[in-house]
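For reference, query_11.cif is printed below; it contains mmCIF, C-alpha atoms.
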data_work
loop_
_atom_site.label_atom_id
_atom_site.label_comp_id
_atom_site.auth_asym_id
_atom_site.auth_seq_id
_atom_site.Cartn_x
_atom_site.Cartn_y
_atom_site.Cartn_z
CA MET Z 1 0.00 0.00 0.00
CA LYS Z 2 2.80 2.36 0.91
CA LYS Z 3 4.54 1.54 -2.34
CA ILE Z 4 1.41 2.47 -4.33
CA LYS Z 5 1.16 5.81 -2.48
CA ASN Z 6 4.79 6.59 -3.34
CA ILE Z 7 4.16 5.81 -7.01
CA ILE Z 8 1.06 8.03 -7.05
CA THR Z 9 2.98 10.85 -5.32
CA ILE Z 10 5.85 10.66 -7.83
CA PHE Z 11 3.34 10.57 -10.72
CA CYS Z 12 1.57 13.70 -9.40
CA LEU Z 13 4.88 15.50 -8.94
CA LEU Z 14 5.85 14.67 -12.51
CA ILE Z 15 2.56 16.07 -13.79
CA ILE Z 16 3.05 19.28 -11.77
CA TYR Z 17 6.62 19.55 -13.09
CA CYS Z 18 5.45 19.11 -16.70
CA TYR Z 19 2.89 21.88 -16.31
CA PHE Z 20 5.44 24.15 -14.63
CA ILE Z 21 7.96 23.64 -17.44
CA ASN Z 22 5.27 24.11 -20.10
CA ILE Z 23 4.09 27.39 -18.56
CA SER Z 24 7.52 28.85 -17.77
CA ASN Z 25 8.96 28.03 -21.22
CA PHE Z 26 5.99 29.31 -23.18
CA PRO Z 27 6.98 32.65 -24.82
CA SER Z 28 5.41 35.85 -23.52
CA SER Z 29 5.58 37.37 -26.99
CA ILE Z 30 4.76 35.61 -30.29
CA ILE Z 31 5.22 36.95 -33.83
CA THR Z 32 3.59 34.88 -36.54
CA TYR Z 33 2.11 35.04 -40.03
CA SER Z 34 -0.95 33.06 -38.96
CA GLU Z 35 -3.52 33.40 -36.21
CA ASN Z 36 -3.62 29.61 -35.92
CA LEU Z 37 -1.62 28.70 -32.81
CA SER Z 38 -2.49 25.00 -32.83
CA SER Z 39 1.15 24.17 -33.61
CA TYR Z 40 2.08 25.00 -30.02
CA LYS Z 41 2.04 21.78 -27.99
CA LEU Z 42 0.42 22.32 -24.60
CA CYS Z 43 -0.47 20.07 -21.72
CA PRO Z 44 -4.13 19.00 -21.35
CA PHE Z 45 -6.38 21.77 -19.93
CA LEU Z 46 -3.67 24.35 -20.75
CA ASN Z 47 -4.77 26.66 -23.55
CA LEU Z 48 -4.60 30.15 -25.06
CA LYS Z 49 -7.75 32.22 -24.88
CA GLY Z 50 -9.15 35.68 -24.15
CA GLU Z 51 -8.00 37.08 -27.49
CA THR Z 52 -8.20 40.93 -27.41
CA LEU Z 53 -7.26 43.20 -30.31
CA VAL Z 54 -4.91 45.89 -28.98
CA SER Z 55 -3.77 47.70 -32.13
CA SER Z 56 -3.44 47.33 -35.89
CA SER Z 57 -1.20 48.85 -38.54
CA GLY Z 58 -2.01 48.07 -42.15
CA ASN Z 59 -2.56 44.31 -42.19
CA ASN Z 60 -0.52 43.71 -39.00
CA TYR Z 61 -2.48 43.06 -35.80
CA ASN Z 62 -1.48 42.96 -32.13
CA TYR Z 63 -3.45 40.85 -29.65
CA GLU Z 64 -3.37 40.18 -25.93
CA LEU Z 65 -4.03 36.58 -24.90
CA SER Z 66 -3.93 34.60 -21.72
CA LEU Z 67 -2.29 31.24 -21.16
CA SER Z 68 -4.84 29.56 -18.91
CA LEU Z 69 -5.03 26.39 -16.88
CA GLY Z 70 -8.69 25.62 -17.17
CA ASP Z 71 -10.33 28.96 -16.39
CA ILE Z 72 -7.39 30.31 -14.41
CA GLY Z 73 -5.01 32.66 -16.23
CA VAL Z 74 -1.39 31.87 -15.47
CA LYS Z 75 0.53 33.98 -18.02
CA ASP Z 76 -0.09 36.98 -20.32
CA VAL Z 77 0.93 36.53 -23.96
CA ASN Z 78 1.33 39.18 -26.65
CA LEU Z 79 0.53 37.99 -30.17
CA THR Z 80 1.55 39.88 -33.32
CA VAL Z 81 0.11 38.63 -36.61
CA LEU Z 82 2.01 39.92 -39.63
CA GLU Z 83 0.81 40.24 -43.19
CA LYS Z 84 2.36 37.69 -45.51
CA LYS Z 85 4.67 39.27 -48.05
CA TYR Z 86 6.11 37.67 -51.16
CA LEU Z 87 9.51 39.03 -52.15
CA VAL Z 88 11.59 38.47 -55.27
CA PRO Z 89 15.31 37.77 -54.71
CA VAL Z 90 17.56 39.83 -56.98
CA GLY Z 91 21.32 39.69 -56.31
CA LYS Z 92 22.02 42.35 -58.96
CA MET Z 93 24.76 44.98 -58.57
CA ALA Z 94 23.67 48.60 -58.26
CA GLY Z 95 25.42 51.94 -57.97
CA ILE Z 96 24.89 53.89 -54.75
CA LYS Z 97 24.99 57.67 -54.33
CA LEU Z 98 24.90 58.93 -50.76
CA TYR Z 99 24.50 62.54 -49.72
CA ILE Z 100 25.90 63.84 -46.44
CA ASP Z 101 23.83 65.84 -44.00
CA GLY Z 102 25.61 69.14 -44.65
CA VAL Z 103 29.09 69.52 -46.20
CA MET Z 104 32.03 67.63 -44.68
CA ILE Z 105 35.47 69.17 -44.23
CA VAL Z 106 38.09 66.67 -45.44
CA GLY Z 107 41.15 68.93 -45.54
CA PHE Z 108 42.67 72.42 -45.53
CA SER Z 109 44.81 74.26 -48.06
CA GLU Z 110 46.75 77.51 -48.18
CA ILE Z 111 45.21 80.21 -50.36
CA GLU Z 112 46.93 83.02 -52.28
CA ASN Z 113 44.85 86.14 -51.70
CA ILE Z 114 44.27 88.96 -54.18
CA ASP Z 115 47.46 90.70 -52.95
CA GLY Z 116 49.61 87.63 -53.56
CA LYS Z 117 49.96 86.70 -49.87
CA ILE Z 118 49.50 83.11 -48.63
CA GLU Z 119 46.80 82.59 -46.00
CA SER Z 120 45.24 79.59 -44.31
CA ILE Z 121 41.97 79.51 -42.43
CA ALA Z 122 43.26 76.55 -40.40
CA ASP Z 123 45.58 78.93 -38.52
CA ASN Z 124 42.76 81.11 -37.22
CA SER Z 125 39.91 78.69 -36.43
CA ASN Z 126 39.09 75.51 -34.56
CA LEU Z 127 37.61 73.78 -37.59
CA GLU Z 128 38.79 70.18 -37.99
CA GLU Z 129 38.70 67.43 -40.57
CA GLY Z 130 35.48 65.46 -40.20
CA ASP Z 131 33.43 68.51 -39.14
CA ARG Z 132 30.21 68.91 -41.10
CA ILE Z 133 29.19 72.44 -42.04
CA ILE Z 134 25.42 72.57 -41.55
CA LYS Z 135 24.81 76.34 -41.41
CA ILE Z 136 26.40 79.62 -42.44
CA ASN Z 137 24.99 82.70 -40.73
CA ASP Z 138 22.10 80.48 -39.54
CA LYS Z 139 21.24 79.49 -43.12
CA GLU Z 140 21.16 75.74 -43.69
CA ILE Z 141 23.80 74.35 -46.06
CA SER Z 142 23.13 71.06 -47.84
CA ASN Z 143 25.66 71.03 -50.70
CA ILE Z 144 28.87 72.59 -51.98
CA GLU Z 145 27.11 74.99 -54.36
CA GLU Z 146 25.09 76.51 -51.51
CA LEU Z 147 28.30 76.86 -49.50
CA ARG Z 148 30.07 78.67 -52.34
CA LYS Z 149 27.15 81.03 -52.99
CA GLU Z 150 26.81 81.96 -49.33
CA ILE Z 151 30.53 82.71 -49.01
CA ASN Z 152 30.51 85.05 -52.03
CA PHE Z 153 27.16 86.58 -51.06
CA MET Z 154 28.67 87.96 -47.83
CA ASN Z 155 31.21 89.90 -49.94
CA GLY Z 156 34.11 89.40 -47.54
CA GLU Z 157 32.21 89.89 -44.28
CA ALA Z 158 32.85 87.53 -41.38
CA LEU Z 159 30.95 84.23 -41.55
CA LYS Z 160 29.37 82.45 -38.60
CA ILE Z 161 29.85 78.78 -39.43
CA THR Z 162 27.89 76.16 -37.52
CA VAL Z 163 29.43 72.70 -37.66
CA GLU Z 164 28.77 69.30 -36.11
CA ASN Z 165 31.90 67.37 -35.17
CA ILE Z 166 32.42 63.60 -35.36
CA SER Z 167 31.12 63.25 -31.79
CA GLY Z 168 27.82 64.87 -32.74
CA GLU Z 169 28.54 68.10 -30.87
CA LEU Z 170 27.56 71.46 -32.38
CA LYS Z 171 29.98 74.37 -32.38
CA GLU Z 172 30.18 77.78 -33.99
CA GLU Z 173 33.20 79.45 -35.55
CA VAL Z 174 33.50 82.99 -36.88
CA VAL Z 175 35.91 83.12 -39.83
CA ASN Z 176 36.93 85.72 -42.39
CA PRO Z 177 36.88 84.49 -46.01
CA ILE Z 178 39.97 85.10 -48.11
CA LYS Z 179 39.53 87.38 -51.11
CA THR Z 180 41.09 85.75 -54.18
CA GLY Z 181 39.66 87.94 -56.93
CA GLU Z 182 37.00 90.46 -57.77
CA ASN Z 183 33.80 89.32 -56.06
CA GLU Z 184 35.44 85.97 -55.28
CA TYR Z 185 36.16 84.62 -51.82
CA LYS Z 186 37.38 81.25 -50.53
CA LEU Z 187 37.84 79.54 -47.20
CA GLY Z 188 40.67 77.20 -48.18
CA LEU Z 189 38.66 74.09 -47.30
CA TRP Z 190 38.52 70.76 -49.07
CA VAL Z 191 34.92 69.62 -48.71
CA LYS Z 192 32.63 66.87 -49.98
CA GLU Z 193 28.86 66.49 -50.06
CA GLY Z 194 28.52 62.78 -50.67
CA ALA Z 195 30.03 59.42 -51.51
CA THR Z 196 29.56 56.78 -54.19
CA GLY Z 197 29.97 53.03 -54.30
CA VAL Z 198 28.44 49.75 -55.41
CA GLY Z 199 26.17 47.33 -53.60
CA THR Z 200 23.86 44.37 -54.16
CA ILE Z 201 20.08 44.61 -54.27
CA SER Z 202 18.86 41.75 -52.06
CA PHE Z 203 15.17 41.67 -52.98
CA TYR Z 204 12.17 43.73 -54.04
CA ASN Z 205 8.46 43.68 -53.27
CA PRO Z 206 6.51 43.31 -56.58
CA GLU Z 207 3.40 44.87 -55.02
CA THR Z 208 4.96 48.06 -53.62
CA MET Z 209 8.16 48.08 -55.78
CA GLU Z 210 10.15 48.65 -52.59
CA PHE Z 211 13.64 47.15 -52.57
CA ALA Z 212 16.28 46.49 -49.95
CA ALA Z 213 19.94 45.65 -49.54
CA LEU Z 214 22.20 44.78 -46.65
CA GLY Z 215 23.03 47.98 -44.77
CA HIS Z 216 26.18 48.93 -42.89
CA GLY Z 217 28.04 52.04 -41.85
CA ILE Z 218 30.13 53.74 -44.55
CA VAL Z 219 33.53 55.15 -43.64
CA ASP Z 220 34.80 58.25 -45.43
CA SER Z 221 38.03 57.54 -47.30
CA ASP Z 222 39.52 60.94 -46.42
CA THR Z 223 38.76 61.21 -42.69
CA GLY Z 224 38.30 57.56 -41.73
CA GLU Z 225 35.05 58.46 -39.94
CA LEU Z 226 31.51 57.16 -40.42
CA LEU Z 227 29.45 59.33 -42.75
CA SER Z 228 26.24 60.94 -41.50
CA ILE Z 229 23.89 60.22 -44.40
CA GLU Z 230 20.89 62.43 -45.14
CA LYS Z 231 19.61 60.74 -48.31
CA GLY Z 232 20.72 58.62 -51.24
CA GLU Z 233 19.78 57.09 -54.54
CA ILE Z 234 20.32 53.93 -56.57
CA THR Z 235 21.69 53.97 -60.12
CA GLU Z 236 22.51 51.37 -62.75
CA THR Z 237 26.07 50.12 -62.73
CA GLN Z 238 28.32 47.66 -64.52
CA ILE Z 239 31.26 45.73 -63.10
CA VAL Z 240 34.10 45.98 -65.64
CA SER Z 241 36.88 44.29 -63.67
CA LEU Z 242 37.64 42.41 -60.46
CA THR Z 243 40.82 42.16 -58.43
CA LYS Z 244 41.07 38.96 -56.42
CA GLY Z 245 42.28 39.42 -52.87
CA ILE Z 246 45.41 37.58 -51.76
CA SER Z 247 46.61 36.47 -48.36
CA ARG Z 248 49.81 38.10 -47.13
CA LYS Z 249 51.89 36.59 -44.35
CA SER Z 250 53.72 38.72 -41.83
CA TRP Z 251 57.32 37.75 -41.12
#

Could I get this structure in the form of structure tokens?
Amino acid sequence: MKKIKNIITIFCLLIIYCYFINISNFPSSIITYSENLSSYKLCPFLNLKGETLVSSSGNNYNYELSLSLGDIGVKDVNLTVLEKKYLVPVGKMAGIKLYIDGVMIVGFSEIENIDGKIESIADNSNLEEGDRIIKINDKEISNIEELRKEINFMNGEALKITVENISGELKEEVVNPIKTGENEYKLGLWVKEGATGVGTISFYNPETMEFAALGHGIVDSDTGELLSIEKGEITETQIVSLTKGISRKSW
């Protein structure tokens, strides 16, 4: 009799353990393409119910459910049902044009002014390579042409230049442009407004014509810093040659 009681006790403990493991391991958040959750294997009397629509966006829906033992709720579960999308793999090369947020300083040069003297703005300012010029006299600058026009428009007057450094900090510098000719002024800065390269289109959505490719940070070749990208575009491209990489041993 005692032996039978021990067997029954062990059996009951195993059942309790199975339910405990089933409940504790069941995810609190589920993302699926189907509202049918029958694929989840649950113990008898353990089920998902109490489906409540929380929010929806397009054809994506968010629900709140309850994992219940009989009529007793034991765990809250968030269910997100996504719209099924059919994508077309591509793998085709494409050209990439990226435009910087502002105009990036990549170097400094000495300038011969209208009197034949050599000047350099680097000697009289705290501007550094990697700084992005985003405003001149509180006017937003988005490309090199706007920068050039604003410099000449001031007709030699001091410029208040607002830049963002590589750490994301804003600073202002007041500089005097160098007169190099009649109605022509320069700052002696090497600047760039964008970068180009090639990439691979991963897939596109035939319904929306949206496309995507693997993304990663792009380092500027002149400053060695990550570019702060404002916008970009894709163009057709053609690979005309390849150079195979080789392994070099250090001795």

Report task. Using only C-alpha atoms, pick whichever of Z:Lys149, Z:Lys92, Z:Lys139, Z:Arg132 has the shortest atom-to-atom distance to Z:Ile166. Result -> Z:Arg132

Query - Residues returned when the PyMOL selection byres ((chain Z and resi 64) around 12) runs on this file, as a ChimeraX atom specification - result: /Z:28-30,48-55,61-63,65-67,75-81

**Report entry** Picked residues, the PyMOL selection byres ((chain Z and resi 110) around 8), expected as a PyMOL selection string
**Finding:** chain Z and resi 108-109+111-112+118-121+188

Report task. Have a look at atom CA of Z:Glu169 and atom CA of Z:Ser228 and let me know their distance in Å, one decimal. Result ->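 Answer for the atom CA of Z:Glu169 to atom CA of Z:Ser228 separation: 13.0 Å.
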
Query raised in the report: From the list Z:Lys171, Z:Ile23, Z:Leu147, Z:Lys85, which residue is nearest Z:Asn59 when using only C-alpha atoms?
Result: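 Nearest to Z:Asn59: Z:Lys85.
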
Query raised in the report: Taking the file as shown, what set of residues would the PyMOL selection byres ((chain Z and resi 126) around 12) give back, as a VMD selection string?
Result: chain Z and resid 108 121 to 125 127 to 129 131 161 to 163 165 171 to 175

Query - Interatomic distance, atom CA of Z:Asn143 to atom CA of Z:Leu214 (Å, one decimal) - result: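 Calculated distance between atom CA of Z:Asn143 and atom CA of Z:Leu214 is 26.8 Å.
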
Query raised in the report: At what distance in Å, to one decimal, does atom CA of Z:Asn60 lie from atom CA of Z:Glu207?
Result: 16.5 Å

Draw an axis-aligned box over all listed atoms of stretch 46-50 of chain Z, pad each side with 4 Å, and write its centre and edge lengths in Å, one decimal, as JSON.
{"center_x": -6.4, "center_y": 30.0, "center_z": -22.9, "size_x": 13.5, "size_y": 19.3, "size_z": 12.3}

Query raised in the report: Using all atoms listed in the file, which residues sit within 7 Å of Z:Gly232 once same-chain residues fewer than 2 positions away are excluded, as a list in words?
Result: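 Result of the neighbour search: Lys97, Leu98 and Tyr99 of chain Z.
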
Query raised in the report: With distances taken over all atoms listed in the file, which of Z:Asn6, Z:Ser56, Z:Asn205, Z:Ser142 is nearest to Z:Lys192?
Result: Z:Ser142

I'd like the contact shell of Z:Glu157 - 9 Å cut-off, all atoms listed in the file, skipping same-chain residues fewer than 4 positions apart - returned as an mmCIF file with C-alpha atoms, keeping the file's coordinate frame.
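Result saved to out38.cif:
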data_model
loop_
_atom_site.group_PDB
_atom_site.id
_atom_site.type_symbol
_atom_site.label_atom_id
_atom_site.label_comp_id
_atom_site.auth_asym_id
_atom_site.auth_seq_id
_atom_site.Cartn_x
_atom_site.Cartn_y
_atom_site.Cartn_z
ATOM 1 C CA ILE Z 151 30.530 82.710 -49.010
ATOM 2 C CA VAL Z 175 35.910 83.120 -39.830
ATOM 3 C CA ASN Z 176 36.930 85.720 -42.390
ATOM 4 C CA PRO Z 177 36.880 84.490 -46.010
#

**Report entry** Among the residues Z:Gly95, Z:Gly181, Z:Gly70, Z:Gly168, the one that comes closest to Z:Leu226 [using only C-alpha atoms]
**Finding:**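 Checking each candidate against Z:Leu226, we get Z:Gly168 as the closest.
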
Requested in this report: Considering all atoms listed in the file, state which residue in the set Z:Ile144, Z:Pro44, Z:Ser241, Z:Tyr185 is at the smallest distance from Z:Gly156.
Outcome: Z:Tyr185

Query raised in the report: Do you know which residues are at most 8 Å from Z:Cys18 counting all atoms listed in the file, after dropping those on the same chain fewer than 4 positions away, and could you put them as a count of residues only?
Result: 3

Report task. Using only C-alpha atoms, pick whichever of Z:Thr208, Z:Ser24, Z:Asn137, Z:Thr235 has the shortest atom-to-atom distance to Z:Val74. Result ->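 Among Z:Thr208, Z:Ser24, Z:Asn137, Z:Thr235, it is Z:Ser24 that comes nearest to Z:Val74.
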
Query - Contacts of Z:Ala212 at 8 Å (only C-alpha atoms; same-chain gap of 4+ positions) as a PyMOL selection string - result: chain Z and resi 201-204
